[in-house]
>>> print(open('query.txt').read())   # compact mmCIF, C-alpha atoms and all ligand atoms
# COMPACT_ATOMS: atom_id res chain seq x y z
CA MET Q 1 -24.23 -21.57 -21.97
CA ALA Q 2 -27.57 -22.34 -20.35
CA ALA Q 3 -27.82 -23.02 -16.63
CA PRO Q 4 -28.06 -26.73 -15.78
CA VAL Q 5 -31.45 -28.08 -14.81
CA VAL Q 6 -31.12 -28.78 -11.10
CA ASP Q 7 -33.55 -31.67 -10.86
CA ALA Q 8 -33.45 -34.78 -8.66
CA GLU Q 9 -31.04 -36.48 -11.06
CA TYR Q 10 -28.61 -33.54 -11.00
CA LEU Q 11 -28.69 -33.44 -7.22
CA LYS Q 12 -27.93 -37.16 -7.10
CA GLU Q 13 -24.89 -36.60 -9.32
CA ILE Q 14 -23.76 -33.75 -7.04
CA ASP Q 15 -23.98 -36.08 -4.03
CA LYS Q 16 -21.94 -38.73 -5.84
CA ALA Q 17 -19.37 -36.17 -7.03
CA HIS Q 18 -19.15 -34.91 -3.45
CA ARG Q 19 -18.20 -38.43 -2.32
CA ASP Q 20 -15.75 -38.90 -5.20
CA LEU Q 21 -14.10 -35.56 -4.44
CA ARG Q 22 -13.73 -36.50 -0.77
CA ALA Q 23 -11.96 -39.71 -1.75
CA LEU Q 24 -9.80 -38.04 -4.41
CA ILE Q 25 -8.74 -35.08 -2.27
CA SER Q 26 -7.96 -37.28 0.74
CA SER Q 27 -5.97 -39.83 -1.24
CA LYS Q 28 -3.98 -37.26 -3.22
CA ASN Q 29 -3.56 -34.75 -0.37
CA CYS Q 30 -4.51 -32.06 -2.85
CA ALA Q 31 -6.93 -29.99 -0.71
CA PRO Q 32 -4.80 -26.79 -0.91
CA ILE Q 33 -4.60 -26.66 -4.70
CA MET Q 34 -8.32 -27.56 -5.01
CA LEU Q 35 -9.22 -24.68 -2.71
CA ARG Q 36 -7.00 -22.37 -4.73
CA LEU Q 37 -8.68 -23.53 -7.97
CA ALA Q 38 -12.14 -22.73 -6.61
CA TRP Q 39 -10.99 -19.32 -5.37
CA HIS Q 40 -9.24 -18.38 -8.63
CA ASP Q 41 -12.26 -19.37 -10.74
CA ALA Q 42 -14.59 -17.30 -8.53
CA GLY Q 43 -12.23 -14.40 -7.74
CA THR Q 44 -12.35 -12.87 -11.22
CA TYR Q 45 -15.89 -11.60 -10.62
CA ASP Q 46 -16.68 -7.98 -11.40
CA VAL Q 47 -19.84 -6.83 -9.65
CA ASN Q 48 -20.25 -3.83 -12.00
CA THR Q 49 -20.00 -5.59 -15.34
CA LYS Q 50 -21.29 -8.91 -13.96
CA THR Q 51 -18.45 -10.72 -15.73
CA GLY Q 52 -16.05 -13.42 -14.50
CA GLY Q 53 -16.86 -15.35 -11.34
CA PRO Q 54 -17.38 -19.05 -10.59
CA ASN Q 55 -18.21 -20.14 -14.14
CA GLY Q 56 -15.56 -22.75 -14.91
CA SER Q 57 -13.76 -20.45 -17.38
CA ILE Q 58 -10.44 -21.17 -15.63
CA ARG Q 59 -10.31 -24.44 -17.61
CA ASN Q 60 -9.64 -22.38 -20.77
CA GLU Q 61 -5.98 -22.51 -21.67
CA GLU Q 62 -6.00 -18.75 -22.13
CA GLU Q 63 -7.03 -18.30 -18.49
CA TYR Q 64 -5.10 -21.03 -16.67
CA LYS Q 65 -2.00 -19.67 -18.35
CA HIS Q 66 -2.43 -16.31 -16.60
CA SER Q 67 0.63 -15.93 -14.38
CA SER Q 68 -1.48 -15.87 -11.20
CA ASN Q 69 -2.88 -19.31 -12.12
CA LYS Q 70 0.48 -21.08 -12.40
CA GLY Q 71 0.21 -24.63 -11.07
CA LEU Q 72 -3.59 -24.79 -11.23
CA LYS Q 73 -3.63 -27.01 -14.33
CA THR Q 74 -2.86 -29.90 -11.94
CA ALA Q 75 -6.10 -29.25 -10.07
CA ILE Q 76 -8.07 -28.82 -13.32
CA ASP Q 77 -6.79 -32.21 -14.52
CA LEU Q 78 -7.65 -33.87 -11.22
CA CYS Q 79 -11.20 -32.52 -11.46
CA GLU Q 80 -11.46 -34.04 -14.97
CA GLU Q 81 -11.49 -37.50 -13.32
CA VAL Q 82 -14.66 -36.57 -11.44
CA LYS Q 83 -16.18 -34.76 -14.45
CA ALA Q 84 -15.72 -37.92 -16.56
CA LYS Q 85 -17.80 -39.89 -14.04
CA HIS Q 86 -20.44 -37.17 -13.68
CA PRO Q 87 -20.61 -35.37 -17.04
CA LYS Q 88 -23.95 -33.73 -16.21
CA ILE Q 89 -22.34 -31.51 -13.56
CA THR Q 90 -21.04 -28.17 -14.83
CA TYR Q 91 -17.37 -27.33 -14.41
CA ALA Q 92 -18.48 -24.26 -12.48
CA ASP Q 93 -20.30 -26.41 -9.90
CA LEU Q 94 -17.53 -29.01 -9.87
CA TYR Q 95 -14.74 -26.54 -9.06
CA GLN Q 96 -16.76 -24.87 -6.32
CA LEU Q 97 -17.76 -28.23 -4.87
CA ALA Q 98 -14.06 -29.20 -4.87
CA GLY Q 99 -13.30 -26.03 -2.85
CA VAL Q 100 -16.01 -26.85 -0.32
CA VAL Q 101 -14.79 -30.45 0.01
CA ALA Q 102 -11.16 -29.29 0.40
CA VAL Q 103 -12.13 -27.30 3.48
CA GLU Q 104 -14.33 -30.09 4.81
CA VAL Q 105 -11.80 -32.96 4.54
CA THR Q 106 -9.03 -30.95 6.19
CA GLY Q 107 -11.18 -30.32 9.26
CA GLY Q 108 -12.65 -26.94 8.39
CA PRO Q 109 -16.25 -25.77 8.63
CA THR Q 110 -19.09 -27.21 6.56
CA ILE Q 111 -19.88 -24.80 3.75
CA ASP Q 112 -23.40 -24.70 2.37
CA PHE Q 113 -23.36 -25.66 -1.31
CA ILE Q 114 -26.11 -24.81 -3.78
CA PRO Q 115 -25.66 -26.26 -7.28
CA GLY Q 116 -26.75 -24.75 -10.60
CA ARG Q 117 -23.87 -22.55 -11.82
CA LYS Q 118 -23.56 -21.97 -15.56
CA ASP Q 119 -20.38 -22.75 -17.46
CA SER Q 120 -18.72 -20.09 -19.57
CA MET Q 121 -15.98 -20.18 -22.18
CA VAL Q 122 -15.35 -16.45 -21.83
CA SER Q 123 -12.21 -15.66 -19.84
CA PRO Q 124 -11.67 -12.27 -18.23
CA ILE Q 125 -8.53 -10.34 -19.11
CA GLU Q 126 -5.50 -11.04 -16.95
CA GLY Q 127 -5.09 -9.03 -13.74
CA ARG Q 128 -8.34 -9.48 -11.83
CA LEU Q 129 -6.82 -11.56 -9.01
CA PRO Q 130 -4.84 -9.95 -6.17
CA ASP Q 131 -1.10 -9.28 -6.44
CA ALA Q 132 0.69 -10.69 -3.39
CA ASN Q 133 3.32 -7.94 -3.51
CA GLN Q 134 0.85 -5.17 -2.73
CA GLY Q 135 -0.85 -3.74 0.34
CA ALA Q 136 -4.20 -3.03 1.99
CA SER Q 137 -5.55 -0.55 -0.58
CA HIS Q 138 -4.93 -3.02 -3.41
CA LEU Q 139 -6.70 -5.79 -1.49
CA ARG Q 140 -9.69 -3.50 -0.92
CA GLU Q 141 -9.79 -2.46 -4.57
CA ILE Q 142 -9.74 -6.08 -5.81
CA PHE Q 143 -12.24 -7.49 -3.31
CA LYS Q 144 -14.57 -4.49 -3.61
CA ARG Q 145 -14.70 -5.13 -7.35
CA MET Q 146 -15.94 -8.63 -6.47
CA GLY Q 147 -18.54 -7.10 -4.14
CA LEU Q 148 -16.78 -8.34 -0.99
CA SER Q 149 -16.05 -6.56 2.32
CA ASP Q 150 -13.07 -6.00 4.66
CA LYS Q 151 -14.25 -8.88 6.81
CA ASP Q 152 -14.45 -11.15 3.75
CA ILE Q 153 -10.86 -10.19 2.83
CA VAL Q 154 -9.46 -11.16 6.23
CA VAL Q 155 -11.50 -14.28 6.84
CA LEU Q 156 -10.90 -15.62 3.32
CA SER Q 157 -7.17 -14.96 3.65
CA GLY Q 158 -7.45 -17.59 6.37
CA GLY Q 159 -7.56 -20.05 3.43
CA HIS Q 160 -3.77 -19.81 3.68
CA THR Q 161 -4.05 -22.10 6.67
CA LEU Q 162 -3.81 -24.72 3.88
CA GLY Q 163 -0.96 -25.30 1.47
CA ARG Q 164 2.18 -23.44 0.58
CA ALA Q 165 3.79 -21.19 -1.99
CA HIS Q 166 6.08 -22.65 -4.64
CA LYS Q 167 9.09 -20.76 -5.92
CA GLU Q 168 8.52 -21.86 -9.50
CA ARG Q 169 4.87 -20.73 -9.45
CA SER Q 170 4.66 -17.45 -7.58
CA GLY Q 171 8.26 -16.72 -6.65
CA PHE Q 172 7.34 -17.14 -2.96
CA ASP Q 173 8.27 -20.23 -1.03
CA GLY Q 174 7.01 -22.15 1.98
CA PRO Q 175 3.84 -22.80 4.02
CA TRP Q 176 1.99 -20.31 6.22
CA THR Q 177 1.43 -22.79 9.04
CA GLN Q 178 3.06 -25.78 10.72
CA ASP Q 179 0.42 -28.20 9.40
CA PRO Q 180 -0.60 -27.11 5.88
CA LEU Q 181 -3.08 -29.96 5.50
CA LYS Q 182 -5.15 -28.96 8.53
CA PHE Q 183 -7.80 -26.27 8.27
CA ASP Q 184 -7.72 -24.29 11.52
CA ASN Q 185 -7.05 -20.74 12.71
CA SER Q 186 -3.26 -21.16 12.82
CA TYR Q 187 -2.77 -18.76 9.87
CA PHE Q 188 -3.94 -15.93 12.15
CA VAL Q 189 -2.03 -17.22 15.16
CA GLU Q 190 1.20 -17.34 13.13
CA LEU Q 191 0.51 -13.91 11.62
CA LEU Q 192 0.30 -12.41 15.10
CA LYS Q 193 3.47 -14.04 16.35
CA LYS Q 194 5.54 -11.40 14.65
CA GLY Q 195 2.77 -8.92 15.36
CA GLU Q 196 4.42 -6.56 17.77
CA SER Q 197 7.28 -5.75 15.43
CA ASP Q 198 4.88 -5.59 12.47
CA GLY Q 199 2.85 -2.71 13.84
CA LEU Q 200 0.34 -4.55 16.00
CA LYS Q 201 -0.98 -2.30 18.73
CA LYS Q 202 0.52 -3.10 22.14
CA GLY Q 203 -1.66 -5.48 24.10
CA GLU Q 204 -3.58 -6.70 21.02
CA SER Q 205 -1.77 -10.03 21.03
CA ASP Q 206 -2.18 -10.61 24.80
CA GLY Q 207 -3.03 -14.19 25.56
CA LEU Q 208 -1.55 -15.39 22.27
CA LYS Q 209 1.81 -17.11 21.97
CA LYS Q 210 4.49 -14.69 20.87
CA GLY Q 211 7.74 -15.21 19.01
CA GLU Q 212 8.49 -15.69 15.34
CA SER Q 213 8.13 -19.11 13.72
CA ASP Q 214 10.97 -20.25 11.53
CA GLY Q 215 10.41 -21.03 7.90
CA LEU Q 216 6.81 -19.87 7.73
CA LEU Q 217 5.69 -17.56 4.95
CA LYS Q 218 4.11 -14.12 5.21
CA LEU Q 219 3.23 -12.53 1.89
CA PRO Q 220 3.20 -8.72 1.72
CA THR Q 221 -0.62 -9.00 1.47
CA ASP Q 222 -0.67 -11.16 4.62
CA LYS Q 223 1.37 -8.52 6.46
CA ALA Q 224 -1.01 -5.85 5.19
CA LEU Q 225 -3.72 -7.49 7.31
CA LEU Q 226 -1.72 -6.54 10.39
CA GLU Q 227 -0.92 -3.01 9.32
CA ASP Q 228 -4.46 -1.87 8.59
CA PRO Q 229 -6.55 -1.31 11.76
CA GLU Q 230 -9.84 -2.55 10.19
CA PHE Q 231 -8.16 -5.74 9.02
CA GLN Q 232 -6.17 -6.15 12.24
CA PHE Q 233 -9.37 -6.28 14.28
CA TYR Q 234 -10.45 -9.47 12.50
CA VAL Q 235 -6.94 -11.01 12.58
CA VAL Q 236 -6.92 -10.71 16.38
CA LEU Q 237 -10.49 -11.99 16.66
CA TYR Q 238 -9.84 -15.08 14.53
CA ALA Q 239 -6.52 -15.86 16.25
CA LYS Q 240 -8.28 -15.82 19.62
CA ASP Q 241 -11.53 -17.48 18.61
CA GLU Q 242 -11.44 -20.36 16.14
CA ASP Q 243 -15.21 -20.82 16.32
CA ALA Q 244 -15.70 -17.23 15.14
CA PHE Q 245 -13.25 -17.87 12.29
CA PHE Q 246 -15.08 -21.06 11.21
CA ARG Q 247 -18.49 -19.36 11.38
CA ASP Q 248 -17.43 -16.31 9.38
CA TYR Q 249 -15.29 -18.32 6.97
CA ALA Q 250 -18.24 -20.56 6.02
CA VAL Q 251 -20.36 -17.47 5.26
CA SER Q 252 -17.68 -15.67 3.21
CA HIS Q 253 -16.62 -18.78 1.31
CA LYS Q 254 -20.26 -19.38 0.30
CA LYS Q 255 -20.49 -15.76 -0.86
CA LEU Q 256 -17.29 -16.14 -2.90
CA SER Q 257 -18.53 -19.39 -4.43
CA GLU Q 258 -21.80 -17.73 -5.47
CA LEU Q 259 -20.56 -14.44 -6.95
CA GLY Q 260 -22.89 -13.57 -9.83
CA PHE Q 261 -24.87 -16.78 -9.31
CA ILE Q 262 -28.55 -16.68 -8.50
CA PRO Q 263 -29.71 -20.14 -7.43
CA SER Q 264 -32.91 -21.09 -9.28
CA SER Q 265 -34.55 -22.40 -6.13
CA SER Q 266 -33.59 -22.55 -2.48
CA ASP Q 267 -35.36 -25.94 -2.40
CA SER Q 268 -32.39 -27.53 -4.25
CA LYS Q 269 -30.26 -26.89 -1.16
CA VAL Q 270 -32.80 -28.63 1.04
CA GLU Q 271 -32.99 -31.67 -1.22
CA SER Q 272 -29.28 -32.01 -1.92
CA LEU Q 273 -27.78 -31.59 1.51
CA GLY Q 274 -30.70 -32.34 3.79
CA LEU Q 275 -30.65 -28.86 5.27
CA THR Q 276 -33.49 -26.67 6.31
CA PRO Q 277 -33.26 -23.12 4.97
CA SER Q 278 -32.35 -20.93 7.89
CA SER Q 279 -34.41 -17.84 8.59
CA SER Q 280 -31.21 -15.78 8.40
CA ASP Q 281 -30.81 -16.77 4.73
CA PRO Q 282 -31.61 -13.54 2.81
CA LYS Q 283 -33.23 -15.50 -0.02
CA VAL Q 284 -35.54 -17.28 2.42
CA GLU Q 285 -36.21 -14.00 4.19
CA SER Q 286 -37.17 -12.29 0.95
CA LYS Q 287 -39.47 -15.23 0.05
CA ASN Q 288 -41.10 -14.98 3.49
CA SER Q 289 -41.59 -11.24 3.21
CA THR Q 290 -43.21 -11.67 -0.23
CA ILE Q 291 -45.70 -14.11 1.34
CA LEU Q 292 -46.28 -11.64 4.19
CA VAL Q 293 -46.97 -8.75 1.77
CA GLN Q 294 -49.35 -10.93 -0.25
CA SER Q 295 -51.26 -11.98 2.91
CA THR Q 296 -51.47 -8.36 4.13
CA VAL Q 297 -52.90 -7.20 0.79
CA GLY Q 298 -55.41 -10.07 0.91
CA VAL Q 299 -56.61 -9.10 4.39
CA ALA Q 300 -56.87 -5.41 3.40
CA VAL Q 301 -59.00 -6.23 0.33
CA ALA Q 302 -61.29 -8.48 2.39
CA ALA Q 303 -61.68 -5.75 5.05
CA ALA Q 304 -62.51 -3.16 2.37
CA ILE Q 305 -65.24 -5.43 0.94
CA VAL Q 306 -66.80 -5.94 4.41
CA ILE Q 307 -66.74 -2.18 5.16
CA LEU Q 308 -68.22 -1.27 1.78
CA GLY Q 309 -70.88 -3.96 2.23
CA TYR Q 310 -71.74 -2.50 5.66
CA PHE Q 311 -72.13 1.07 4.31
CA TYR Q 312 -74.14 -0.22 1.36
CA GLY Q 313 -76.44 -1.99 3.85
CA ILE Q 314 -76.92 1.23 5.90
CA HIS Q 315 -77.54 3.21 2.74
CA ARG Q 316 -80.28 0.78 1.65
CA THR Q 317 -81.86 0.80 5.15
CA ILE Q 318 -82.00 4.64 5.20
CA LYS Q 319 -83.66 4.63 1.79
C1 LIG M 1 -5.96 -12.01 -0.29
C2 LIG M 1 -5.35 -12.12 -1.44
C3 LIG M 1 -4.56 -13.35 -1.82
C4 LIG M 1 -3.31 -13.36 -2.33
C5 LIG M 1 -2.47 -12.15 -2.70
C6 LIG M 1 -2.92 -14.74 -2.47
C7 LIG M 1 -1.70 -15.16 -2.97
C8 LIG M 1 -1.26 -16.46 -2.98
C9 LIG M 1 0.04 -16.90 -3.42
C10 LIG M 1 1.15 -16.00 -3.96
C11 LIG M 1 0.09 -18.23 -3.27
C12 LIG M 1 1.27 -19.16 -3.60
C13 LIG M 1 1.05 -19.87 -4.93
C14 LIG M 1 2.16 -20.85 -5.23
O1 LIG M 1 3.31 -20.41 -5.30
O2 LIG M 1 1.88 -22.04 -5.39
C15 LIG M 1 -1.17 -18.66 -2.73
C16 LIG M 1 -1.48 -19.96 -2.42
C17 LIG M 1 -2.68 -20.35 -1.90
N1 LIG M 1 -3.80 -19.56 -1.73
FE1 LIG M 1 -3.83 -17.55 -1.84
N2 LIG M 1 -3.93 -15.54 -2.04
C18 LIG M 1 -4.97 -14.72 -1.65
C19 LIG M 1 -6.20 -15.14 -1.19
C20 LIG M 1 -6.58 -16.44 -1.07
C21 LIG M 1 -7.92 -16.88 -0.76
C22 LIG M 1 -9.12 -15.95 -0.63
C23 LIG M 1 -7.89 -18.24 -0.69
C24 LIG M 1 -9.00 -19.20 -0.39
C25 LIG M 1 -10.07 -18.93 0.32
C26 LIG M 1 -6.54 -18.65 -0.94
C27 LIG M 1 -6.09 -19.94 -0.93
C28 LIG M 1 -4.79 -20.34 -1.22
C29 LIG M 1 -4.29 -21.70 -1.03
C30 LIG M 1 -5.07 -22.86 -0.43
C31 LIG M 1 -2.97 -21.70 -1.46
C32 LIG M 1 -1.99 -22.89 -1.43
C33 LIG M 1 -1.97 -23.58 -2.76
C34 LIG M 1 -1.02 -24.77 -2.81
O3 LIG M 1 -0.57 -25.24 -1.77
O4 LIG M 1 -0.73 -25.23 -3.91
N3 LIG M 1 -5.78 -17.53 -1.20
N4 LIG M 1 -1.98 -17.57 -2.57
>>> encode(input="query.txt", output="structure tokens")
Amino acid sequence: MAAPVVDAEYLKEIDKAHRDLRALISSKNCAPIMLRLAWHDAGTYDVNTKTGGPNGSIRNEEEYKHSSNKGLKTAIDLCEEVKAKHPKITYADLYQLAGVVAVEVTGGPTIDFIPGRKDSMVSPIEGRLPDANQGASHLREIFKRMGLSDKDIVVLSGGHTLGRAHKERSGFDGPWTQDPLKFDNSYFVELLKKGESDGLKKGESDGLKKGESDGLLKLPTDKALLEDPEFQFYVVLYAKDEDAFFRDYAVSHKKLSELGFIPSSSDSKVESLGLTPSSSDPKVESKNSTILVQSTVGVAVAAAIVILGYFYGIHRTIK
């Protein structure tokens, strides 16, 4: 399918959908499942074949029936209410916007959202999402295929600050944190509470409350974040410093929500959310460097003309 035309009208619909999603997610307390929907639509991306990714294909029965997507039909149906009011918006944009709003309304960081994702009806084969029963090397394999880093793995796992596992969906049961409707760094704090017996280096959890919390869930993949030294570094950092978690989370979530998506223009971001492109934005940087190269070439050509003109003048005088 063709990419949507991100004109003023489309941006207006995005703004309205943003408001409708805020109201819907707050009234239905469905932030966790909305975040999971956005992640599972995006997390099928394969950086080598450029297939999968945030393209709305999770709405296909074939895909939402994958065992890892159990329970997500609820979120797909809830999004249909917003789609009916704003049919112009692609499913791909709608699901990612729902993920951004889920984090926002539960008190998490503001995530930059650029619209314009294409919809697809092509679903990837089952098995691209991570298996919660595995360890660090599996996590690396899956996230590397998406084009994501160790830091992305840890910080995005912090999404488990929201919601819970359901026995009938995944076989696991219970929430990760005491308040599963609040987006904060408590996922990391809870993970470290059992840290010393889970292989955390002595002293790493200094300054953090110790002791195991009853009834809270730790998936094998969550525990893997403690066992691997690269991962553990970020767990400790985010447990100690919520601002660092929020900053890095916003960056990695944006990356996840844009896998395989090349925004048509960075101006759409400025218009839609009233933001100024930051100079640390790689797209803005590359635009700036193009302008710089063009100006440099222009100056060089002008200088060459002046020098040639000068020598031509001397030549004529000598004659
Ligand atoms: C690192 C690999 C990951 C694994 C193995 C994993 C696995 C799981 C499992 C087994 C569940 C329970 C599902 C259920 O029974 O309802 C779950 C729930 C959830 N996951 Fe993950 N997940 C991962 C990464 C992520 C990421 C990157 C995010 C978002 C940034 C995320 C957000 C969520 C949320 C919000 C829920 C709660 C859903 C609800 O309450 O209905 N997960 N995840």
>>> residues_near_ligand(input="query.txt", ligand="ligand LIG 1 (chain M)", cutoff="6 Å", atoms="only C-alpha atoms and all ligand atoms", output="list in words")
Pro32, Ile33, Leu35, Arg36, Trp39, Pro130, Asp131, Ala132, Leu156, Ser157, Gly159, His160, Leu162, Gly163, Arg164, Ala165, His166, Lys167, Arg169, Ser170, Phe172 and Thr221 of chain Q
>>> closest_residue(input="query.txt", among="Q:Lys223, Q:Glu230, Q:Asp179, Q:His86", to="Lys12 (chain Q)", atoms="only C-alpha atoms")
Q:His86
>>> residues_around(input="query.txt", residues="Leu191 (chain Q)", least_positions_apart="4", cutoff="8 Å", atoms="all atoms listed in the file", output="NGL selection string")
:Q and (187 or 195 or 218 or 222-223 or 226)
>>> closest_residue(input="query.txt", among="Q:Tyr45, Q:Tyr91, Q:Phe233, Q:Phe188", to="Ile142 (chain Q)", atoms="only C-alpha atoms")
Q:Tyr45
>>> closest_residue(input="query.txt", among="Q:Gly108, Q:Phe143, Q:Val82, Q:Lys65", to="Leu259 (chain Q)", atoms="all atoms listed in the file")
Q:Phe143
>>> atom_distance(input="query.txt", atom1="CA of Lys182 (chain Q)", atom2="CA of Gly158 (chain Q)")
11.8 Å
>>> atom_distance(input="query.txt", atom1="CA of Lys255 (chain Q)", atom2="CA of Arg19 (chain Q)")
22.8 Å
>>> atom_distance(input="query.txt", atom1="CA of Cys30 (chain Q)", atom2="CA of Leu148 (chain Q)")
26.8 Å
>>> axis_aligned_box(input="query.txt", around="region 156-164 of chain Q", padding_each_side="6 Å", output="JSON")
{"center_x": -4.4, "center_y": -20.1, "center_z": 3.6, "size_x": 25.1, "size_y": 22.3, "size_z": 18.1}
>>> closest_residue(input="query.txt", among="Q:Glu80, Q:Asp112, Q:Asp152, Q:Glu63", to="Ile125 (chain Q)", atoms="only C-alpha atoms")
Q:Glu63
>>> residues_around(input="query.txt", residues="Glu62 (chain Q)", least_positions_apart="6", cutoff="12 Å", atoms="only C-alpha atoms", output="NGL selection string")
:Q and (69-70 or 73 or 121-126)
>>> closest_residue(input="query.txt", among="Q:Leu97, Q:Ala8, Q:Met146, Q:Leu181", to="Lys28 (chain Q)", atoms="only C-alpha atoms")
Q:Leu181
>>> closest_residue(input="query.txt", among="Q:Leu24, Q:Ala224, Q:Ala42, Q:Ile153", to="Asp93 (chain Q)", atoms="all atoms listed in the file")
Q:Ala42
>>> residues_around(input="query.txt", residues="Val251 (chain Q)", least_positions_apart="2", cutoff="12 Å", atoms="all atoms listed in the file", output="list in words")
Val100, Pro109, Thr110, Ile111, Asp112, Phe113, Leu148, Lys151, Asp152, Val155, Leu156, Ala244, Phe245, Phe246, Arg247, Asp248, Tyr249, His253, Lys254, Lys255, Leu256, Ser257, Glu258, Ser280 and Asp281 of chain Q
>>> residues_around(input="query.txt", residues="Val101 (chain Q)", least_positions_apart="4", cutoff="7 Å", atoms="all atoms listed in the file", output="ChimeraX atom specification")
/Q:21-22,97,105
>>> build_atoms(input="query.txt", residues="region 20-33 of chain Q", atoms="N, CA and C atoms", output="mmCIF file, in the frame of the given file")
data_model
loop_
_atom_site.group_PDB
_atom_site.id
_atom_site.type_symbol
_atom_site.label_atom_id
_atom_site.label_comp_id
_atom_site.auth_asym_id
_atom_site.auth_seq_id
_atom_site.Cartn_x
_atom_site.Cartn_y
_atom_site.Cartn_z
ATOM 1 N N ASP Q 20 -16.964 -38.640 -4.398
ATOM 2 C CA ASP Q 20 -15.750 -38.900 -5.200
ATOM 3 C C ASP Q 20 -14.670 -37.863 -4.908
ATOM 4 N N LEU Q 21 -15.083 -36.613 -4.737
ATOM 5 C CA LEU Q 21 -14.100 -35.560 -4.440
ATOM 6 C C LEU Q 21 -13.471 -35.774 -3.069
ATOM 7 N N ARG Q 22 -14.272 -36.206 -2.126
ATOM 8 C CA ARG Q 22 -13.730 -36.500 -0.770
ATOM 9 C C ARG Q 22 -12.629 -37.540 -0.872
ATOM 10 N N ALA Q 23 -12.928 -38.618 -1.616
ATOM 11 C CA ALA Q 23 -11.960 -39.710 -1.750
ATOM 12 C C ALA Q 23 -10.708 -39.225 -2.491
ATOM 13 N N LEU Q 24 -10.919 -38.508 -3.593
ATOM 14 C CA LEU Q 24 -9.800 -38.040 -4.410
ATOM 15 C C LEU Q 24 -8.894 -37.080 -3.630
ATOM 16 N N ILE Q 25 -9.522 -36.110 -2.981
ATOM 17 C CA ILE Q 25 -8.740 -35.080 -2.270
ATOM 18 C C ILE Q 25 -7.995 -35.691 -1.083
ATOM 19 N N SER Q 26 -8.641 -36.644 -0.397
ATOM 20 C CA SER Q 26 -7.960 -37.280 0.740
ATOM 21 C C SER Q 26 -6.799 -38.137 0.250
ATOM 22 N N SER Q 27 -7.036 -38.916 -0.815
ATOM 23 C CA SER Q 27 -5.970 -39.830 -1.240
ATOM 24 C C SER Q 27 -4.800 -39.096 -1.866
ATOM 25 N N LYS Q 28 -5.075 -37.979 -2.541
ATOM 26 C CA LYS Q 28 -3.980 -37.260 -3.220
ATOM 27 C C LYS Q 28 -3.424 -36.101 -2.383
ATOM 28 N N ASN Q 29 -3.992 -35.878 -1.208
ATOM 29 C CA ASN Q 29 -3.560 -34.750 -0.370
ATOM 30 C C ASN Q 29 -3.526 -33.433 -1.143
ATOM 31 N N CYS Q 30 -4.550 -33.229 -1.968
ATOM 32 C CA CYS Q 30 -4.510 -32.060 -2.850
ATOM 33 C C CYS Q 30 -5.526 -30.983 -2.437
ATOM 34 N N ALA Q 31 -5.945 -30.993 -1.155
ATOM 35 C CA ALA Q 31 -6.930 -29.990 -0.710
ATOM 36 C C ALA Q 31 -6.464 -28.555 -1.004
ATOM 37 N N PRO Q 32 -5.192 -28.188 -0.703
ATOM 38 C CA PRO Q 32 -4.800 -26.790 -0.910
ATOM 39 C C PRO Q 32 -4.975 -26.304 -2.353
ATOM 40 N N ILE Q 33 -4.525 -27.110 -3.298
ATOM 41 C CA ILE Q 33 -4.600 -26.660 -4.700
ATOM 42 C C ILE Q 33 -6.059 -26.652 -5.196
#
